[in-house]
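Before any comments, here is the structure.
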There are 2 protein chains.
Amino acid sequence: MPDFLVRFFPGEKQAGASVDESLYQVFIKTGLPVDASCGGKGNCGRCKIKIREGKVKSLKQGTLTDEEVERGYVLACQSFPRSDLVVEVAEALIAGGIDRAAEDMISEECLSDENLWESSDNAGLFEGNALTPLYVKFYLELPKPDENDAEDDLGRLERGVCKKTGVCRLTTNLDVIRSLPATLRSADWKVTVSMSEIENNFEITGVEPGRTERKYYGIAVDVGTTTVVVHLVDLESGETAGVKGAYNGQSVFGDDVISRIVYAGDSPRGLESLRNAVAGTINSLVEELVKETKIEAEDIKAAVCAGNTTMTHLLLGVDPANIRLEPYTPAANRFPAIKAEEAGLKIFPGSPVLCLPGVASYVGGDTTAGVLFTGMAFSDRLTLFIDVGTNGEMVLGNKDWLVSCACSAGPAFEGVGLKYGMRAMNGAIDHISIGGCGSGVSYTTIGSVPPLGICGSGLIDCIASMRKAGIIDRNGNFTKGCNTFRIRDSGEGKEFVLVGTGEAGCGSDITISEPEVKNLMRSKAAVFAGIRCILKMVGVSFADIDRVIIAGGFGRNIRIKDAVSIGLLPDIPLEKYKYVGNSAVKGAKTVLLHRQAREWIDDIAGRITYIELSTGNDFMEEFISALFIPHTDLNLFPSVRGG
Amino acid sequence: MPDFLVRFFPGEKQAGASVDESLYQVFIKTGLPVDASCGGKGNCGRCKIKIREGKVKSLKQGTLTDEEVERGYVLACQSFPRSDLVVEVAEALIAGGIDRAAEDMISEECLSDENLWESSDNAGLFEGNALTPLYVKFYLELPKPDENDAEDDLGRLERGVCKKTGVCRLTTNLDVIRSLPATLRSADWKVTVSMSEIENNFEITGVEPGRTERKYYGIAVDVGTTTVVVHLVDLESGETAGVKGAYNGQSVFGDDVISRIVYAGDSPRGLESLRNAVAGTINSLVEELVKETKIEAEDIKAAVCAGNTTMTHLLLGVDPANIRLEPYTPAANRFPAIKAEEAGLKIFPGSPVLCLPGVASYVGGDTTAGVLFTGMAFSDRLTLFIDVGTNGEMVLGNKDWLVSCACSAGPAFEGVGLKYGMRAMNGAIDHISIGGCGSGVSYTTIGSVPPLGICGSGLIDCIASMRKAGIIDRNGNFTKGCNTFRIRDSGEGKEFVLVGTGEAGCGSDITISEPEVKNLMRSKAAVFAGIRCILKMVGVSFADIDRVIIAGGFGRNIRIKDAVSIGLLPDIPLEKYKYVGNSAVKGAKTVLLHRQAREWIDDIAGRITYIELSTGNDFMEEFISALFIPHTDLNLFPSVRGG
């Protein structure tokens, strides 16, 4: 029994809470998309809320002004209920936070141009192939034993399976053998067989009497640091029956992998908390999917998870400590398949759960999934695959070779570390343009509601526009030439007012400061330096690249042209760019459905050579050269120079 | 807490007993070798004991005479304690029953002639080969990771294992991965690795810091219907560290596989009781071995069990019902390896337990183990392998082909169904010779104690001698020609007195009756008919056979010449006979120690063609022809005719 009831205003959401549960934890539990870039330590001030009714105990004022405190604002992560509560949060958040987030990660509707991924772009690798899912069910009529054919029951069953499926090297478990004699005879030798495949080992997992029409499903899961997305897949048709996404419940313990690793190591039962948090997120998404599609969780018979190396460690309860310590060695890049009950997933307990293999500490199963899905590992065309999130991973190569690297881009483009930065959810400014010297500002927001902050694509626009408008110079410093009320001193350096209090939905001006611009410059420089390094390592020039594939949340709403203009992405013909969307979950689904993909993904993980940028090469030099808009070497950006 | 204490006289054995526990169950629990050929139903009278002190409740008088009841005799299986008890049993039983029984099954000392098996007889199949046991431990020093070699911990470990062992396709479990980072680093990358092999799948099962000198063991188990034998094997040296044998605890539920199958199906929790009984027997033997060799049960890391098909079903808790129903289909001939804890074996819980594959309902893993061990499946020489126990199994063949059959010999040669028949334990007459018309009888007993009854080899001698002495004719009928006090009417036909009350250790005459002789004739006829049928099926004559291998308890003390003279074994040169002893446990040990044997045993089980004698061929005709001494066709026994 929770101690108190917490109601959220506006809206109808409510949740129970105990006295030792912070309101931030209650938010997470309720599925509300609240940020806490500091990991719930009370330092970032991102989880500001207003208490309308009731009493809380607040440990820390943090970044809140005295005036805010007087008006009833508290930091959710620092506040614990002492009575039933009514809590006020920004309306936009309540309205569509989670669903919008999920949609962002999964739908391509918002990818509105010709750079959209088409199924032919991976040469239809798996199109038209017969499905060979991780788990199948099929109906068999076995010949009855007689004096001329007294084969053992299991042998008879295996003979039937071999004839039906072509799979003849089979294993099984004792439970099946124990039930076999009675089932076969009671069903007059007509049965439905369940078979799952783990590491090329085919196991008969169940035998039911007669023909069962019951459908069976699998889940493909993108275990992202920020967002978790689950596809519920009908394993008979291969169709996706439903999709749900939510913030990774681990967010409460920190925004990026490093802070999660620290939490796992430093907090008592930290690893367990993180494990439970992410399993809990997957389970709540499964629960929603099960409800919506009117199936039973027991009918979900297999799971494939694609996560970065840290996320995979945490999901499996493996300490990721050495991922952040030189020389950055994960405990494992390949993990054995485990049972759902062992993974804490609330689907059929015996279901196999596969975590896709990674390459190194900072190139994980989400990246190999992307490489698999895009088909680049089997293509003649030289492809550069970029997945920019908190950590930017990239893979360069073709059918003959594959190299990868990761650059610590930092979460700036995800809005983290910026006062008005936010994730791409309702109320986020996603596009903005600024007139000369800030003479005018126009913008759009996700959900077309009053702006609460600015997300990744908006931030790219922002830098590009501020440079065009002459507000910042090529170093990212504010220029002295512009004289506008929008440029002012924040006390911690200059800042530019993007939206005034009156227009904004958050009760204050929305601004971007000089240090914040510098922060974004470092992020974009890291990505570009990574690209330069990986190309240099293999002696390839921009002109040699046939295709650039942009994966993940980063690619959602950005304008490639703007990203090129600030020097984030290389200046190559726009038509060479492709948005693939969430290639992690797409790759996971492919693995769930195709035996060939299960073989290939291991092969791919083994083929990718990892280059560690932080040691021994000229990443730092490239990084410093990229700390300009677009770059110190303008020859690299002919279209920008010309335009 | 047991309700009462039961003390056995003479000797010092005692045991607790509850009111609903029959004294027979107490016997079994205490390890005393009591017979109950009726399966504890009170019909056979074999478990007669005398109550010296205390009260029992007896359900049934059974075969006991009123006089015996008056003198305090009861049937153990029908009697339940109602106070503390002192129970009198034959001294010979108490003195050395179990140990002798174990020794019989395991030692070859009593096989005193040139027909003894020599290691060269299987062409030294596994001699001199490096050991590749089911479980190994080895010490590894791994290269430390650095910036040029940041492979994941698991990958590094696998690389080391591959280099050391040549085994490069490895799996592992999450527990190992979870402990790996800390173990490797705390041990400065010097570790001892445990690896087990199941179905060609090599799994790293543990990683310990540093070099551990702790020895590790496996067990090879012969799961016989009557006797269970365990070899404790040092997996590093391949040496047997200890051997123990005991009666299968299932004996309380019936003497042969059929009565056990019936019990499994008919009694509430019958299958479970049988499963627990045999696991309990193995566990008590393991416990004794562990004590004697001063090791820990946790150090036993693998088990290989060889049992007939029914025994394997029962050990694994699989209902064997269809084994006795036409067309005699077992649930399975091959079983997946399971963990010791799943099998109820009290060794290291994660140890793999392998049950050797069988061929059909009546040709099981004990037979394939024998075929493996003898090397007959890889030999040019045409070999006939015979394992005669309750059920006679035989395999005929060479490197090119193998056929097998089973004949329901019945347990007569194990002493079951005969008033004074008994197992080969202390007090059993093992050899006997009878003068013309019974003019004189000389005999020897196992343990050289006063005779209690007569065991298999004694019974063969007995039939041979009675025929020679003219007491019985070629049909097994008592002749009318002999006039001796030793031949008398028992009320149920004629009987011959082998030993008088005065000499006997059991308080009565030891006799053999005409119906009992007929019973033995049926047993020997079944075995011989089986041999004839299998030869006929493949068009082979006695002369073509290069070798006859006699396996199992049956071969222990018999004189081949006598067995031939009564027509039990074919009349071929004696030097072609070989006693291999307990080839089931020897085959199991080979599988425990050699990877090649693990592959071969599957291959052998697949190669053996099973012939069902009870249906469709001329077994019955052969059987009837063999119901004579030695046979209706004397041409088949030239040496008998001549002698």
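Chain labels A, B, ... are given in the sequence in which chains occur in the structure tokens; within each chain residues are numbered consecutively from 1, and ligands are likewise numbered from 1 in the order shown.
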
Near-segment 461-478 of chain B list (8 Å; only C-alpha atoms; drop same-chain fewer than 4 positions) as a list of chain:residue names: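 Residues near the query, excluding close chain neighbours: B:His431, B:Ile432, B:Ser433, B:Ile434, B:Gly435, B:Gly436, B:Cys437, B:Gly438, B:Ser457, B:Cys482, B:Lys494, B:Glu514, B:Val517, B:Lys518, B:Met521, B:Arg559, B:Asp562, B:Ala563, B:Ser565, B:Ile566, B:Leu627, B:Phe628, B:Ile629, B:Pro630.
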
Go ahead and save the residues from that selection, with C-alpha atoms, as a PDB file, in the first residue's frame.
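After the write, out01.pdb holds the following:
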ATOM      1  CA  HIS B 431      28.954 -74.533  -7.900  1.00  0.00           C
ATOM      2  CA  ILE B 432      27.483 -77.956  -7.394  1.00  0.00           C
ATOM      3  CA  SER B 433      27.984 -81.472  -8.701  1.00  0.00           C
ATOM      4  CA  ILE B 434      25.728 -84.452  -8.217  1.00  0.00           C
ATOM      5  CA  GLY B 435      26.674 -88.126  -8.345  1.00  0.00           C
ATOM      6  CA  GLY B 436      24.779 -90.704 -10.460  1.00  0.00           C
ATOM      7  CA  CYS B 437      21.094 -90.756  -9.509  1.00  0.00           C
ATOM      8  CA  GLY B 438      21.854 -88.328  -6.669  1.00  0.00           C
ATOM      9  CA  SER B 457      25.966 -70.284 -11.730  1.00  0.00           C
ATOM     10  CA  CYS B 482      16.364 -93.056  -9.789  1.00  0.00           C
ATOM     11  CA  LYS B 494       8.661 -83.731  -7.401  1.00  0.00           C
ATOM     12  CA  GLU B 514      10.475 -80.094 -11.270  1.00  0.00           C
ATOM     13  CA  VAL B 517      13.738 -76.909 -13.451  1.00  0.00           C
ATOM     14  CA  LYS B 518      11.125 -76.229 -16.151  1.00  0.00           C
ATOM     15  CA  MET B 521      14.617 -74.483 -19.014  1.00  0.00           C
ATOM     16  CA  ARG B 559      31.376 -72.390 -16.234  1.00  0.00           C
ATOM     17  CA  ASP B 562      28.197 -76.252 -18.257  1.00  0.00           C
ATOM     18  CA  ALA B 563      26.214 -73.426 -19.826  1.00  0.00           C
ATOM     19  CA  SER B 565      26.029 -78.469 -21.944  1.00  0.00           C
ATOM     20  CA  ILE B 566      22.523 -77.420 -20.909  1.00  0.00           C
ATOM     21  CA  LEU B 627      13.144 -76.539 -24.481  1.00  0.00           C
ATOM     22  CA  PHE B 628      15.333 -79.612 -24.294  1.00  0.00           C
ATOM     23  CA  ILE B 629      18.713 -80.391 -22.821  1.00  0.00           C
ATOM     24  CA  PRO B 630      20.684 -79.285 -24.655  1.00  0.00           C
TER      25      PRO B 630
END

Taking only C-alpha atoms into account, find every residue of chain A that has an atom no more than 8 Å from chain B, and write it out as a count of residues only. 35

Strand (DSSP E or B) residues, from DSSP on the backbone, in segment 112-155 of chain B, as a PDB file with N, CA and C atoms, in the first residue's frame:
ATOM      1  N   LEU B 116      39.048 -64.390 -19.425  1.00  0.00           N
ATOM      2  CA  LEU B 116      38.961 -63.023 -18.896  1.00  0.00           C
ATOM      3  C   LEU B 116      39.253 -61.971 -19.963  1.00  0.00           C
ATOM      4  N   TYR B 135      34.320 -33.029 -18.241  1.00  0.00           N
ATOM      5  CA  TYR B 135      34.580 -31.817 -17.468  1.00  0.00           C
ATOM      6  C   TYR B 135      36.084 -31.724 -17.252  1.00  0.00           C
ATOM      7  N   VAL B 136      36.654 -30.560 -17.506  1.00  0.00           N
ATOM      8  CA  VAL B 136      38.085 -30.371 -17.243  1.00  0.00           C
ATOM      9  C   VAL B 136      38.321 -29.040 -16.547  1.00  0.00           C
ATOM     10  N   LYS B 137      39.461 -28.978 -15.910  1.00  0.00           N
ATOM     11  CA  LYS B 137      39.920 -27.741 -15.293  1.00  0.00           C
ATOM     12  C   LYS B 137      41.334 -27.512 -15.773  1.00  0.00           C
ATOM     13  N   PHE B 138      41.654 -26.264 -16.073  1.00  0.00           N
ATOM     14  CA  PHE B 138      43.046 -26.000 -16.454  1.00  0.00           C
ATOM     15  C   PHE B 138      43.415 -24.565 -16.096  1.00  0.00           C
ATOM     16  N   TYR B 139      44.725 -24.375 -15.934  1.00  0.00           N
ATOM     17  CA  TYR B 139      45.264 -23.089 -15.513  1.00  0.00           C
ATOM     18  C   TYR B 139      45.636 -22.276 -16.749  1.00  0.00           C
ATOM     19  N   LEU B 140      45.324 -20.993 -16.709  1.00  0.00           N
ATOM     20  CA  LEU B 140      45.598 -20.112 -17.845  1.00  0.00           C
ATOM     21  C   LEU B 140      46.228 -18.811 -17.366  1.00  0.00           C
ATOM     22  N   GLU B 141      47.236 -18.350 -18.063  1.00  0.00           N
ATOM     23  CA  GLU B 141      47.723 -16.981 -17.830  1.00  0.00           C
ATOM     24  C   GLU B 141      47.367 -16.176 -19.071  1.00  0.00           C
ATOM     25  N   ASP B 146      45.563  -3.969 -22.967  1.00  0.00           N
ATOM     26  CA  ASP B 146      46.154  -2.632 -23.019  1.00  0.00           C
ATOM     27  C   ASP B 146      45.549  -1.906 -24.202  1.00  0.00           C
ATOM     28  N   ASP B 149      45.144  -3.869 -27.236  1.00  0.00           N
ATOM     29  CA  ASP B 149      44.430  -5.144 -27.121  1.00  0.00           C
ATOM     30  C   ASP B 149      43.349  -4.990 -26.057  1.00  0.00           C
TER      31      ASP B 149
END

Met376 of chain B proximity check over B:Phe80, B:Trp401, B:Tyr362, B:Tyr24, using only C-alpha atoms: winner is B:Trp401

Please determine, counting only C-alpha atoms, which residue among A:Gly350, A:Gly397, A:Gly427, A:Gly45 has the shortest atom-to-atom distance to Gly453 of chain A. A:Gly427

Enter the distance from atom CA of Tyr579 of chain B to atom CA of Gly421 of chain B, in Å, rounded to one decimal.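 Atom CA of Gly421 of chain B lies at a distance of 23.3 Å from atom CA of Tyr579 of chain B.
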